[in-house]
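structure_5.cif (mmCIF, C-alpha atoms) appears below.
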data_upload
#
loop_
_atom_site.label_atom_id
_atom_site.label_comp_id
_atom_site.auth_asym_id
_atom_site.auth_seq_id
_atom_site.Cartn_x
_atom_site.Cartn_y
_atom_site.Cartn_z
CA MET A 1 93.99 102.90 63.59
CA THR A 2 96.31 105.91 64.02
CA GLY A 3 96.23 109.35 62.51
CA SER A 4 98.75 110.93 60.20
CA GLY A 5 102.13 111.42 61.86
CA GLU A 6 101.35 109.14 64.79
CA ARG A 7 103.86 106.51 65.80
CA VAL A 8 102.84 103.42 67.73
CA VAL A 9 105.01 101.42 70.10
CA ALA A 10 103.42 98.17 71.21
CA HIS A 11 104.24 94.53 71.77
CA LYS A 12 104.90 92.64 68.55
CA SER A 13 102.36 90.19 67.18
CA TRP A 14 104.70 87.28 67.92
CA GLU A 15 105.03 88.42 71.55
CA GLN A 16 101.26 88.49 71.90
CA ALA A 17 101.03 85.10 70.20
CA ILE A 18 103.48 83.63 72.72
CA VAL A 19 101.23 84.87 75.54
CA TRP A 20 97.98 83.59 74.02
CA ILE A 21 99.41 80.25 72.91
CA GLY A 22 101.98 79.72 75.63
CA GLY A 23 99.56 80.37 78.50
CA PRO A 24 97.09 77.58 77.65
CA VAL A 25 99.89 75.19 76.65
CA LEU A 26 101.75 75.77 79.90
CA GLY A 27 98.52 75.37 81.86
CA ALA A 28 97.73 72.10 80.05
CA VAL A 29 101.22 70.75 80.78
CA VAL A 30 100.85 71.63 84.47
CA GLY A 31 97.44 69.94 84.50
CA TRP A 32 98.90 66.84 82.87
CA LEU A 33 101.63 66.69 85.51
CA VAL A 34 99.19 66.94 88.42
CA LYS A 35 97.98 63.32 88.16
CA PRO A 36 101.38 61.55 88.22
CA LEU A 37 102.62 63.96 90.88
CA ALA A 38 99.55 63.30 93.03
CA ALA A 39 99.96 59.56 92.56
CA TRP A 40 103.58 59.76 93.66
CA VAL A 41 102.86 61.93 96.73
CA ALA A 42 100.00 59.60 97.72
CA THR A 43 102.54 56.76 98.06
CA LEU A 44 104.60 58.67 100.62
CA PRO A 45 103.37 57.78 104.11
CA TRP A 46 105.12 60.81 105.66
CA ALA A 47 103.65 63.37 103.23
CA PRO A 48 101.09 65.73 104.85
CA MET A 49 97.61 66.43 103.47
CA GLN A 50 97.27 63.12 101.65
CA GLY A 51 93.55 63.68 101.06
CA PRO A 52 93.81 66.36 98.34
CA PHE A 53 96.45 64.35 96.49
CA GLU A 54 94.34 61.19 96.60
CA LEU A 55 91.41 63.20 95.27
CA ALA A 56 93.52 64.69 92.46
CA GLU A 57 94.65 61.19 91.53
CA ARG A 58 91.03 60.15 90.96
CA ILE A 59 90.19 63.10 88.68
CA PRO A 60 90.23 62.15 84.97
CA GLY A 61 93.36 63.30 83.19
CA TRP A 62 91.43 65.18 80.49
CA VAL A 63 89.71 67.25 83.20
CA LEU A 64 93.04 68.27 84.70
CA VAL A 65 94.55 69.08 81.30
CA GLY A 66 91.47 71.02 80.20
CA GLY A 67 91.23 72.87 83.49
CA GLY A 68 94.92 73.78 83.30
CA ALA A 69 94.49 75.07 79.75
CA LEU A 70 91.53 77.24 80.82
CA LEU A 71 93.54 78.66 83.71
CA GLY A 72 96.41 79.35 81.31
CA LEU A 73 94.00 81.11 78.96
CA ALA A 74 92.73 83.28 81.82
CA LEU A 75 96.32 84.13 82.73
CA ALA A 76 97.04 85.07 79.10
CA PHE A 77 94.00 87.36 79.11
CA PHE A 78 95.21 89.28 82.17
CA VAL A 79 98.76 89.48 80.84
CA SER A 80 97.49 90.91 77.53
CA LEU A 81 95.41 93.50 79.43
CA ASP A 82 98.59 94.63 81.19
CA MET A 83 100.45 95.26 77.93
CA LEU A 84 101.08 98.96 77.32
CA ARG A 85 100.44 100.59 73.94
CA VAL A 86 101.98 104.02 73.31
CA VAL A 87 100.77 106.33 70.53
CA VAL A 88 102.99 109.35 69.92
CA SER A 89 102.53 112.46 67.79
CA ALA A 90 103.65 116.07 68.17
CA GLU A 91 100.14 116.98 69.29
CA ARG A 92 99.52 114.26 71.90
CA VAL A 93 100.79 111.18 73.65
CA VAL A 94 98.37 108.36 74.44
CA LEU A 95 99.25 105.61 76.92
CA ARG A 96 96.76 102.75 76.78
CA ARG A 97 96.64 99.65 78.97
CA GLY A 98 93.51 97.54 78.59
CA ASP A 99 90.56 99.87 79.10
CA ASP A 100 92.67 102.52 80.86
CA THR A 101 93.79 105.41 78.65
CA THR A 102 95.89 108.42 79.57
CA GLU A 103 96.17 111.21 77.01
CA VAL A 104 98.65 114.06 77.43
CA ASP A 105 98.80 117.28 75.43
CA GLY A 106 102.09 117.19 73.55
CA ALA A 107 102.63 120.91 74.09
CA LYS A 108 102.83 120.34 77.86
CA VAL A 109 105.56 117.68 77.66
CA SER A 110 109.03 119.08 78.29
CA ALA A 111 110.90 115.75 78.36
CA VAL A 112 110.47 111.98 78.34
CA PHE A 113 112.61 109.38 80.07
CA LEU A 114 112.68 105.85 81.43
CA ASP A 115 112.86 105.48 85.18
CA GLY A 116 113.59 101.80 85.65
CA LYS A 117 110.49 100.04 84.34
CA ARG A 118 108.44 103.26 84.07
CA ILE A 119 108.08 105.64 81.16
CA VAL A 120 107.66 109.19 82.47
CA LEU A 121 106.35 112.29 80.71
CA LEU A 122 107.69 115.38 82.45
CA GLY A 123 106.08 118.82 82.50
CA ALA A 124 107.90 122.15 82.45
CA ASP A 125 107.37 122.59 86.21
CA GLY A 126 108.92 119.19 86.96
CA ALA A 127 105.59 117.44 87.49
CA GLU A 128 105.00 113.96 86.12
CA LEU A 129 102.25 114.39 83.53
CA ALA A 130 102.08 110.62 83.13
CA ALA A 131 104.02 107.60 84.35
CA GLU A 132 103.33 104.00 83.39
CA LYS A 133 105.19 100.78 83.98
CA THR A 134 106.37 99.21 80.73
CA ASP A 135 108.57 96.51 79.29
CA LEU A 136 108.42 97.92 75.76
CA ASN A 137 111.68 98.24 73.83
CA ALA A 138 113.56 101.31 75.06
CA GLY A 139 115.05 102.06 71.65
CA GLU A 140 111.65 101.98 69.95
CA LEU A 141 110.21 104.30 72.57
CA ARG A 142 113.11 106.72 72.19
CA ASP A 143 112.83 106.73 68.40
CA ALA A 144 109.07 107.35 68.49
CA PHE A 145 109.35 110.31 70.84
CA THR A 146 112.38 111.94 69.25
CA ALA A 147 110.86 111.58 65.76
CA SER A 148 107.84 113.52 67.04
CA GLY A 149 110.04 116.30 68.41
CA PHE A 150 110.11 115.40 72.09
CA ARG A 151 113.26 115.67 74.22
CA TRP A 152 114.37 112.20 75.30
CA LEU A 153 116.55 112.07 78.41
CA ALA A 154 118.86 109.09 78.00
CA GLU A 155 120.37 109.77 81.43
CA GLY A 156 117.00 109.28 83.11
CA ASP A 157 115.27 111.43 85.69
CA PRO A 158 116.81 114.93 85.84
CA HIS A 159 115.33 115.39 89.32
CA ALA A 160 116.70 112.15 90.76
CA GLY A 161 118.87 114.01 93.27
CA GLU A 162 115.93 115.96 94.70
CA TYR A 163 114.03 113.04 96.22
CA ARG A 164 113.89 112.58 99.99
CA LEU A 165 112.89 109.50 101.93
CA TRP A 166 109.37 109.88 103.30
CA VAL A 167 108.81 109.30 106.99
CA GLU A 168 105.48 109.80 108.72
CA ASP A 169 104.59 113.35 109.77
CA THR A 170 107.23 114.98 107.59
CA PRO A 171 106.80 118.72 108.29
CA ASP A 172 107.88 120.02 104.86
CA LEU A 173 104.99 118.47 102.94
CA PRO A 174 101.92 120.48 101.91
CA PRO A 175 98.71 119.96 103.93
CA GLY A 176 97.11 116.59 103.22
CA ALA A 177 100.14 115.05 101.53
CA ASP A 178 101.31 113.12 104.59
CA ALA A 179 97.91 111.46 104.94
CA LEU A 180 97.96 110.48 101.26
CA LEU A 181 101.44 109.00 101.63
CA LYS A 182 100.29 107.00 104.66
CA ALA A 183 97.35 105.64 102.66
CA ARG A 184 99.65 104.89 99.75
CA LYS A 185 102.03 103.00 102.03
CA ARG A 186 99.14 100.79 103.13
CA ALA A 187 98.07 100.27 99.51
CA ILE A 188 101.60 99.25 98.52
CA GLY A 189 101.76 96.78 101.40
CA SER A 190 98.45 95.18 100.44
CA GLY A 191 99.21 95.10 96.70
CA GLU A 192 96.40 97.49 95.73
CA ASP A 193 98.04 98.73 92.53
CA GLU A 194 95.06 100.80 91.40
CA ASP A 195 94.93 102.66 94.73
CA VAL A 196 98.70 103.20 94.54
CA ARG A 197 98.28 104.81 91.12
CA LEU A 198 95.32 106.97 92.15
CA LEU A 199 97.08 108.19 95.28
CA ARG A 200 100.13 109.10 93.20
CA ALA A 201 97.86 111.24 91.03
CA GLU A 202 96.33 112.91 94.11
CA LEU A 203 99.80 113.73 95.42
CA GLY A 204 100.66 115.20 92.03
CA ARG A 205 97.76 117.65 92.38
CA LEU A 206 99.41 118.88 95.58
CA GLY A 207 102.71 119.36 93.77
CA VAL A 208 104.29 116.23 95.26
CA VAL A 209 106.07 113.74 93.00
CA VAL A 210 106.61 110.31 94.54
CA ARG A 211 108.73 107.36 93.50
CA ASP A 212 109.13 103.92 95.04
CA ASP A 213 112.17 101.87 95.90
CA ARG A 214 111.69 98.49 97.63
CA LYS A 215 108.33 99.59 99.05
CA ARG A 216 109.87 102.78 100.46
CA GLN A 217 108.45 106.09 99.23
CA TYR A 218 110.63 109.01 98.17
CA TRP A 219 109.23 112.45 97.38
CA ARG A 220 110.07 115.83 95.91
CA MET A 221 108.17 119.02 95.19
CA THR A 222 107.46 120.49 91.76
CA ARG A 223 108.42 124.09 91.06
CA THR A 224 104.81 125.15 91.61
CA GLY A 225 104.27 122.90 94.64
#
I'd like the structure from this file rewritten - as structure tokens, please.
Amino acid sequence: MTGSGERVVAHKSWEQAIVWIGGPVLGAVVGWLVKPLAAWVATLPWAPMQGPFELAERIPGWVLVGGGALLGLALAFFVSLDMLRVVVSAERVVLRRGDDTTEVDGAKVSAVFLDGKRIVLLGADGAELAAEKTDLNAGELRDAFTASGFRWLAEGDPHAGEYRLWVEDTPDLPPGADALLKARKRAIGSGEDEDVRLLRAELGRLGVVVRDDRKRQYWRMTRTG
């Protein structure tokens, strides 16, 4: 439930239905295909690892279909948790993904823009007050923010030209930032998305804004950094 004047941008009911219905159905289809595929591979004398395929061939079809549906349901659950919900009013902006909620004071937001697949709330000093990956409709996001009085930057990041490629032991960074960027590089390489996000926030406290491009990190300083 939203308050007066709040605008919500979220995935449509039919999009969520596709996830919740499509996941189990796709899983069941894959499970149904396992048995004939295993039977076919088991007939190939040159195929490696015949044992697992012979075992799969002996499993009852309903077990494979049911197991596939359950796996599809689990996948749908995690996909739904990753769906972003944005609540916008002149007083605040709330970004909610699963149990994670970020709330930003509307008075501190100087501009909003899309940076690739991220929605970014920019502060007056150039800091990123919030940044979340999203596949929500860009037009709906723009309309929600502009209707609440926020400045929407259709051209994207106004600081795009200020970013520099990070290399280890960069001398121009504030104390501690280079160590955080090293840790973040390791987190990116190992797919630790939560650590990547937390380290971005820690860098922001030092006045360092970071963006990623093909696992390379680029950085710039805020006006107060």
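Applied to this file, the PyMOL selection byres ((chain A and resi 212-218) around 9) selects Tyr163, Arg164, Leu165, Trp166, Val167, Leu181, Arg184, Lys185, Ile188, Gly189, Val209, Val210, Arg211, Trp219 and Arg220 of chain A.
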The PyMOL selection byres ((chain A and resi 126-136) around 9) - which residues does that actually catch in the file I just gave you? List them as a PDB file with C-alpha atoms, in the frame of the given file.
ATOM      1  CA  VAL A   9     105.010 101.420  70.100  1.00  0.00           C
ATOM      2  CA  ALA A  10     103.420  98.170  71.210  1.00  0.00           C
ATOM      3  CA  HIS A  11     104.240  94.530  71.770  1.00  0.00           C
ATOM      4  CA  MET A  83     100.450  95.260  77.930  1.00  0.00           C
ATOM      5  CA  LEU A  84     101.080  98.960  77.320  1.00  0.00           C
ATOM      6  CA  ARG A  85     100.440 100.590  73.940  1.00  0.00           C
ATOM      7  CA  LEU A  95      99.250 105.610  76.920  1.00  0.00           C
ATOM      8  CA  THR A 102      95.890 108.420  79.570  1.00  0.00           C
ATOM      9  CA  GLU A 103      96.170 111.210  77.010  1.00  0.00           C
ATOM     10  CA  VAL A 104      98.650 114.060  77.430  1.00  0.00           C
ATOM     11  CA  LYS A 108     102.830 120.340  77.860  1.00  0.00           C
ATOM     12  CA  VAL A 109     105.560 117.680  77.660  1.00  0.00           C
ATOM     13  CA  SER A 110     109.030 119.080  78.290  1.00  0.00           C
ATOM     14  CA  GLY A 116     113.590 101.800  85.650  1.00  0.00           C
ATOM     15  CA  LYS A 117     110.490 100.040  84.340  1.00  0.00           C
ATOM     16  CA  ARG A 118     108.440 103.260  84.070  1.00  0.00           C
ATOM     17  CA  ILE A 119     108.080 105.640  81.160  1.00  0.00           C
ATOM     18  CA  VAL A 120     107.660 109.190  82.470  1.00  0.00           C
ATOM     19  CA  LEU A 121     106.350 112.290  80.710  1.00  0.00           C
ATOM     20  CA  LEU A 122     107.690 115.380  82.450  1.00  0.00           C
ATOM     21  CA  GLY A 123     106.080 118.820  82.500  1.00  0.00           C
ATOM     22  CA  ALA A 124     107.900 122.150  82.450  1.00  0.00           C
ATOM     23  CA  ASP A 125     107.370 122.590  86.210  1.00  0.00           C
ATOM     24  CA  ASN A 137     111.680  98.240  73.830  1.00  0.00           C
ATOM     25  CA  ALA A 138     113.560 101.310  75.060  1.00  0.00           C
ATOM     26  CA  GLY A 139     115.050 102.060  71.650  1.00  0.00           C
ATOM     27  CA  GLU A 140     111.650 101.980  69.950  1.00  0.00           C
ATOM     28  CA  LEU A 141     110.210 104.300  72.570  1.00  0.00           C
ATOM     29  CA  HIS A 159     115.330 115.390  89.320  1.00  0.00           C
ATOM     30  CA  ALA A 201      97.860 111.240  91.030  1.00  0.00           C
ATOM     31  CA  GLY A 204     100.660 115.200  92.030  1.00  0.00           C
ATOM     32  CA  GLY A 207     102.710 119.360  93.770  1.00  0.00           C
ATOM     33  CA  VAL A 208     104.290 116.230  95.260  1.00  0.00           C
ATOM     34  CA  VAL A 209     106.070 113.740  93.000  1.00  0.00           C
ATOM     35  CA  MET A 221     108.170 119.020  95.190  1.00  0.00           C
ATOM     36  CA  THR A 222     107.460 120.490  91.760  1.00  0.00           C
ATOM     37  CA  ARG A 223     108.420 124.090  91.060  1.00  0.00           C
ATOM     38  CA  THR A 224     104.810 125.150  91.610  1.00  0.00           C
TER      39      THR A 224
END
Worksheet item: Of the candidates A:Val86, A:Leu173, A:Leu203, A:Leu70, which one gets nearest to A:Arg142 if we count all atoms listed in the file?
Response: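 Of A:Val86, A:Leu173, A:Leu203, A:Leu70, the one nearest A:Arg142 is A:Val86, counting all atoms listed in the file.
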Worksheet entry | Coordinates-based distance that separates atom CA of A:Glu15 from atom CA of A:Val112 (Å, one decimal) |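 These atoms are spaced 25.1 Å apart.
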Practice prompt. List, as a PyMOL selection string, every residue that the PyMOL selection byres ((chain A and resi 56) around 12) selects in the file provided.
Written response: chain A and resi 31-42+49-55+57-61+63-64
Worksheet item: Suppose you want the space between atom CA of A:Phe78 and atom CA of A:Asp99; what is it in Å?
Response: 12.0 Å
Practice prompt. Work out how far apart atom CA of A:Ala147 and atom CA of A:Val8 are and give it in Å to one decimal.
Written response: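 Computing the Euclidean distance for atom CA of A:Ala147 and atom CA of A:Val8 yields 11.6 Å.
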